[in-house]
Amino acid sequence: MADNILKFSLNRATNVEKLDDGNLLSVCHLRDTFTEAEIRMVVKMPELEIAEISGHFRHIYLDGIDNLDDSLKKVLGVRVGAGMLKIIKGLLGEAENLDQIVYMVEECCHGVILHLTKKVLLKAPDDPAGRQEFYSEMVKKSIRLYDRCAAFAKGSPLVASLEAEKRAGGRF
Amino acid sequence: MISEFNRNKIIDVALLDEKTLAVHGILNDSIYSLELDFKVNLSDLVCFEIEGRWLRYTTPECPQALNFLAQAEGFCLALGIEEKIHKTVGRTSCRHFANLLIECAYAVRETAKLIRYQEAQVHNPELTWQEFLLGESETGSNFSQKAAEDTEDASVAVSVAAPATGEPAKRLPTPATGKSGAFIIDMHMHTAPASPCASDSVEAMIAKAQRIGLHGICLTDHNYLWSAADIRSLRKKFTFPVFRANEIVTEQGDMLVYGFYDDVQGIIKLSELKKRVQAAGGFIVAAHPFRGFLTFGADDIGLTPEKARSREMFQLVDGVETLNGKVTATENGLAREVAEGLKLPATGGSDAHDSSSVGLYATAFTRPINNEVELLAALKTGDYQPIKFR
């Protein structure tokens, strides 16, 4: 059996660019063995609201989506942020041929969030001690990071000072 | 035109032998670079031998994430496994590894379908995809059932309460007030299993509220309506004021709704919710309206109170939650500035999902409140304020 020959391959690319008016354009493109699809989304800044959205979807065995752009318009005005996936799923529905569309809308939103995250992370110092302090302060500023992943798990050096404040009766 | 952020994901699936798939996934973006390798049983889509690698990461502790990837071994990667991956790999390892694993799971499902189609074609070379899929649904649903069972292991199933009518006005034995004369209610909290994201029972939450000296609590489980009978039973058992409310998801975010007893499921447009709540005489509070992101906040993106006030949401709500226990001081501060600017009343609540957070923030009313009718009336007067309770 030729195990070096792939049965299936997938390429997904998400790109975010800043438009002349300051808004963000996020594009997610998928090409895999069965699918060719794209979602384009403009996010209004600084409100972070989905202002424009369009896309196309072709799949080998799933039916196409009638009036996809009309369906996508249901998410106009949704704010990119915490809780958005539940809202996007609820508005677009969970039919099998919409499953990938929902995921790609979510990927566009994640692209925007990660773009804005990158701008914050660029402020991290280069030296190890400085980085440790930078991320320790980050979790204090945004308590939702606490115990949210291995890096900020209970007992991690990055949350040591936060946990000390907690033991001392702080807000956390 | 400069691309400010790029994320590329490549997933390859090969047939290792007749029973096994080999999966290789790469996530490479402007911040992170990571890889996953694992195998999958073709018969049941269960994954095993998961290995991860970091090539680029952010914090000095990110490498710890690799130690927790093995938690996903044994997962059936059928449709529906995404939530379990988020809750295990995403929360204990790293959400970017979880993102890549979810992408790999999609590729595995498509590969399994392709292989089954090609096998069926050996016996029937003329078989079309549509004909194949007609006979495929049974096998596919078995995989989905397994994934659904896996997901139920990770979170407690929630039963939906029957719609209830408004609770009749009924006085509690001895409503208490604080030293200042204020009557203090935690207006926002979640309980398990009513809210899948909560971890403590309603009994544990009430016990904590009593212990720390709150005068009452509002149960605001997500799109879940407590029955009036359950509430009566809890009030009697604890001799403590417990009120019903609801946190309803709209396209403009979460809304705390008081004095409204429709069982709303799914996403509702805020304008529609407003009509229904107004007709019922209820009260809508925008919950944590500026809850932001894990690493940046409103200040980082230049969202000023003036710009924030123009959001359509604030034309439709009756009040704003300006002290919420799950958001940052900056986010609460922005909510306060917006509420003040629009002259909307402000409330406070812990948004507790376990008993350790009960009462962090609350709302101080000027007089005792015995039942939901009085609570609703008090909310409409605007005669209260959000407070830091402990």
# chains A, B, ... in the order shown; residues from 1 in each chain; ligands from 1
$ select_by_dssp --residues "range 143-370 of chain B" --states "alpha helix (DSSP H)" --output "ChimeraX atom specification"
/B:143-154,202-212,228-238,270-280,298-301,305-309,313-316,329-342
$ residues_around --residues "range 29-31 of chain A" --least-positions-apart "5" --cutoff "10 Å" --atoms "only C-alpha atoms" --output "ChimeraX atom specification"
/A:9-15,36-40,55-59,100,104,107-108 /B:8-10
$ atom_distance --atom1 "CA of Arg116 in chain B" --atom2 "CA of Asn99 in chain B"
26.4 Å
$ interface_residues --of "chain A" --to "chain B" --cutoff "6 Å" --atoms "only C-alpha atoms" --output "PyMOL selection string"
chain A and resi 3+6-17+46+78+87+90+115+117+142+145+148-151
$ select_by_dssp --residues "range 151-347 of chain B" --states "strand (DSSP E or B)" --output "JSON, numbers by chain"
{"B": [183, 184, 185, 186, 187, 188, 189, 216, 217, 218, 219, 222, 242, 243, 244, 245, 246, 247, 248, 249, 250, 253, 254, 255, 256, 257, 258, 268, 283, 284, 285, 286, 319, 320, 321, 322, 323, 324, 346, 347]}
$ write_last_selection --atoms "C-alpha atoms" --output "short mmCIF file (atom, residue, chain, number, x, y, z; two decimals), in the first residue's frame"
data_model
loop_
_atom_site.label_atom_id
_atom_site.label_comp_id
_atom_site.auth_asym_id
_atom_site.auth_seq_id
_atom_site.Cartn_x
_atom_site.Cartn_y
_atom_site.Cartn_z
CA PHE B 183 -31.08 45.27 50.57
CA ILE B 184 -28.35 43.59 48.61
CA ILE B 185 -29.00 41.11 45.82
CA ASP B 186 -26.51 39.35 43.56
CA MET B 187 -28.40 39.90 40.31
CA HIS B 188 -26.43 37.57 38.03
CA MET B 189 -25.37 33.98 38.71
CA GLY B 216 -31.01 37.62 48.05
CA ILE B 217 -29.90 36.17 44.73
CA CYS B 218 -31.22 36.08 41.18
CA LEU B 219 -30.77 32.89 39.18
CA HIS B 222 -28.57 30.74 30.21
CA VAL B 242 -34.25 33.47 45.61
CA PHE B 243 -35.56 35.15 42.45
CA ARG B 244 -35.89 33.98 38.88
CA ALA B 245 -34.45 35.80 35.90
CA ASN B 246 -32.84 34.65 32.67
CA GLU B 247 -29.74 35.41 30.63
CA ILE B 248 -30.91 35.33 27.04
CA VAL B 249 -28.59 35.30 24.03
CA THR B 250 -29.39 37.88 21.34
CA GLY B 253 -24.98 39.81 23.09
CA ASP B 254 -26.31 38.49 26.40
CA MET B 255 -29.28 40.15 28.07
CA LEU B 256 -30.41 39.73 31.68
CA VAL B 257 -34.18 39.69 31.68
CA TYR B 258 -36.29 40.15 34.81
CA ILE B 268 -33.43 35.91 19.43
CA PHE B 283 -37.00 44.66 32.36
CA ILE B 284 -33.89 44.12 30.20
CA VAL B 285 -30.35 44.74 31.39
CA ALA B 286 -27.40 44.53 28.98
CA GLY B 319 -30.50 49.13 32.18
CA VAL B 320 -26.81 48.24 31.99
CA GLU B 321 -24.77 45.85 34.13
CA THR B 322 -21.85 48.06 35.11
CA LEU B 323 -20.26 45.78 37.69
CA ASN B 324 -19.80 42.23 36.46
CA ALA B 346 -27.01 50.35 36.47
CA THR B 347 -26.90 46.95 38.18
#
$ residues_around --residues "Ala51 in chain A" --least-positions-apart "3" --cutoff "12 Å" --atoms "only C-alpha atoms" --output "ChimeraX atom specification"
/A:23-26,40-48,54,72-80
$ write_last_selection --atoms "C-alpha atoms" --output "PDB file, in the first residue's frame"
ATOM      1  CA  ASN A  23     -12.025  48.838   9.150  1.00  0.00           C
ATOM      2  CA  LEU A  24     -10.649  45.300   8.844  1.00  0.00           C
ATOM      3  CA  LEU A  25     -11.132  42.881   5.972  1.00  0.00           C
ATOM      4  CA  SER A  26     -10.873  39.232   7.001  1.00  0.00           C
ATOM      5  CA  ARG A  40     -15.046  37.642   3.066  1.00  0.00           C
ATOM      6  CA  MET A  41     -15.962  39.824   5.997  1.00  0.00           C
ATOM      7  CA  VAL A  42     -15.524  43.506   6.808  1.00  0.00           C
ATOM      8  CA  VAL A  43     -15.410  44.310  10.516  1.00  0.00           C
ATOM      9  CA  LYS A  44     -16.197  47.864  11.561  1.00  0.00           C
ATOM     10  CA  MET A  45     -13.644  49.379  13.926  1.00  0.00           C
ATOM     11  CA  PRO A  46     -13.528  50.111  16.787  1.00  0.00           C
ATOM     12  CA  GLU A  47     -17.016  48.701  17.375  1.00  0.00           C
ATOM     13  CA  LEU A  48     -15.864  45.292  16.100  1.00  0.00           C
ATOM     14  CA  SER A  54     -20.176  37.503   1.404  1.00  0.00           C
ATOM     15  CA  LEU A  72     -24.719  35.331   5.657  1.00  0.00           C
ATOM     16  CA  LYS A  73     -26.433  38.681   6.124  1.00  0.00           C
ATOM     17  CA  LYS A  74     -28.064  37.272   9.247  1.00  0.00           C
ATOM     18  CA  VAL A  75     -24.791  37.854  11.083  1.00  0.00           C
ATOM     19  CA  LEU A  76     -24.478  41.523  10.118  1.00  0.00           C
ATOM     20  CA  GLY A  77     -24.192  43.608  13.272  1.00  0.00           C
ATOM     21  CA  VAL A  78     -22.898  40.738  15.398  1.00  0.00           C
ATOM     22  CA  ARG A  79     -20.004  41.857  17.528  1.00  0.00           C
ATOM     23  CA  VAL A  80     -16.729  39.964  17.142  1.00  0.00           C
TER      24      VAL A  80
END
$ residues_around --residues "Gly130 in chain A" --least-positions-apart "6" --cutoff "12 Å" --atoms "only C-alpha atoms" --output "list in words"
Lys123, Ala124, Ser136, Glu137 and Leu158 of chain A; Thr59 and Pro60 of chain B
$ write_last_selection --atoms "N, CA and C atoms" --output "PDB file, in the first residue's frame"
ATOM      1  N   LYS A 123       4.286  44.160  22.293  1.00  0.00           N
ATOM      2  CA  LYS A 123       4.827  44.979  23.383  1.00  0.00           C
ATOM      3  C   LYS A 123       5.624  44.150  24.389  1.00  0.00           C
ATOM      4  N   ALA A 124       5.621  42.820  24.251  1.00  0.00           N
ATOM      5  CA  ALA A 124       6.330  41.962  25.215  1.00  0.00           C
ATOM      6  C   ALA A 124       7.834  42.190  25.112  1.00  0.00           C
ATOM      7  N   SER A 136       2.491  37.793  33.322  1.00  0.00           N
ATOM      8  CA  SER A 136       1.880  37.787  34.652  1.00  0.00           C
ATOM      9  C   SER A 136       0.924  38.959  34.808  1.00  0.00           C
ATOM     10  N   GLU A 137       1.339  40.120  34.288  1.00  0.00           N
ATOM     11  CA  GLU A 137       0.460  41.303  34.353  1.00  0.00           C
ATOM     12  C   GLU A 137      -0.742  41.131  33.430  1.00  0.00           C
ATOM     13  N   LEU A 158       3.348  31.867  35.830  1.00  0.00           N
ATOM     14  CA  LEU A 158       2.750  33.098  35.296  1.00  0.00           C
ATOM     15  C   LEU A 158       1.578  33.602  36.142  1.00  0.00           C
TER      16      LEU A 158
ATOM     17  N   THR B  59       4.088  32.648  25.496  1.00  0.00           N
ATOM     18  CA  THR B  59       4.562  32.723  26.881  1.00  0.00           C
ATOM     19  C   THR B  59       5.626  31.666  27.165  1.00  0.00           C
ATOM     20  N   PRO B  60       6.440  31.879  28.209  1.00  0.00           N
ATOM     21  CA  PRO B  60       7.450  30.872  28.544  1.00  0.00           C
ATOM     22  C   PRO B  60       6.837  29.549  29.016  1.00  0.00           C
TER      23      PRO B  60
END
$ closest_residue --among "A:Val159, A:Leu68, A:Ile113, A:Ile101" --to "Ala82 in chain A" --atoms "only C-alpha atoms"
A:Ile113
$ atom_distance --atom1 "CA of Glu106 in chain A" --atom2 "CA of Asn223 in chain B"
22.2 Å
$ closest_residue --among "B:His288, B:Lys84, B:Lys39, B:Arg235" --to "Gly83 in chain A" --atoms "only C-alpha atoms"
B:His288
$ atom_distance --atom1 "CA of Arg211 in chain B" --atom2 "CA of Arg367 in chain B"
20.9 Å
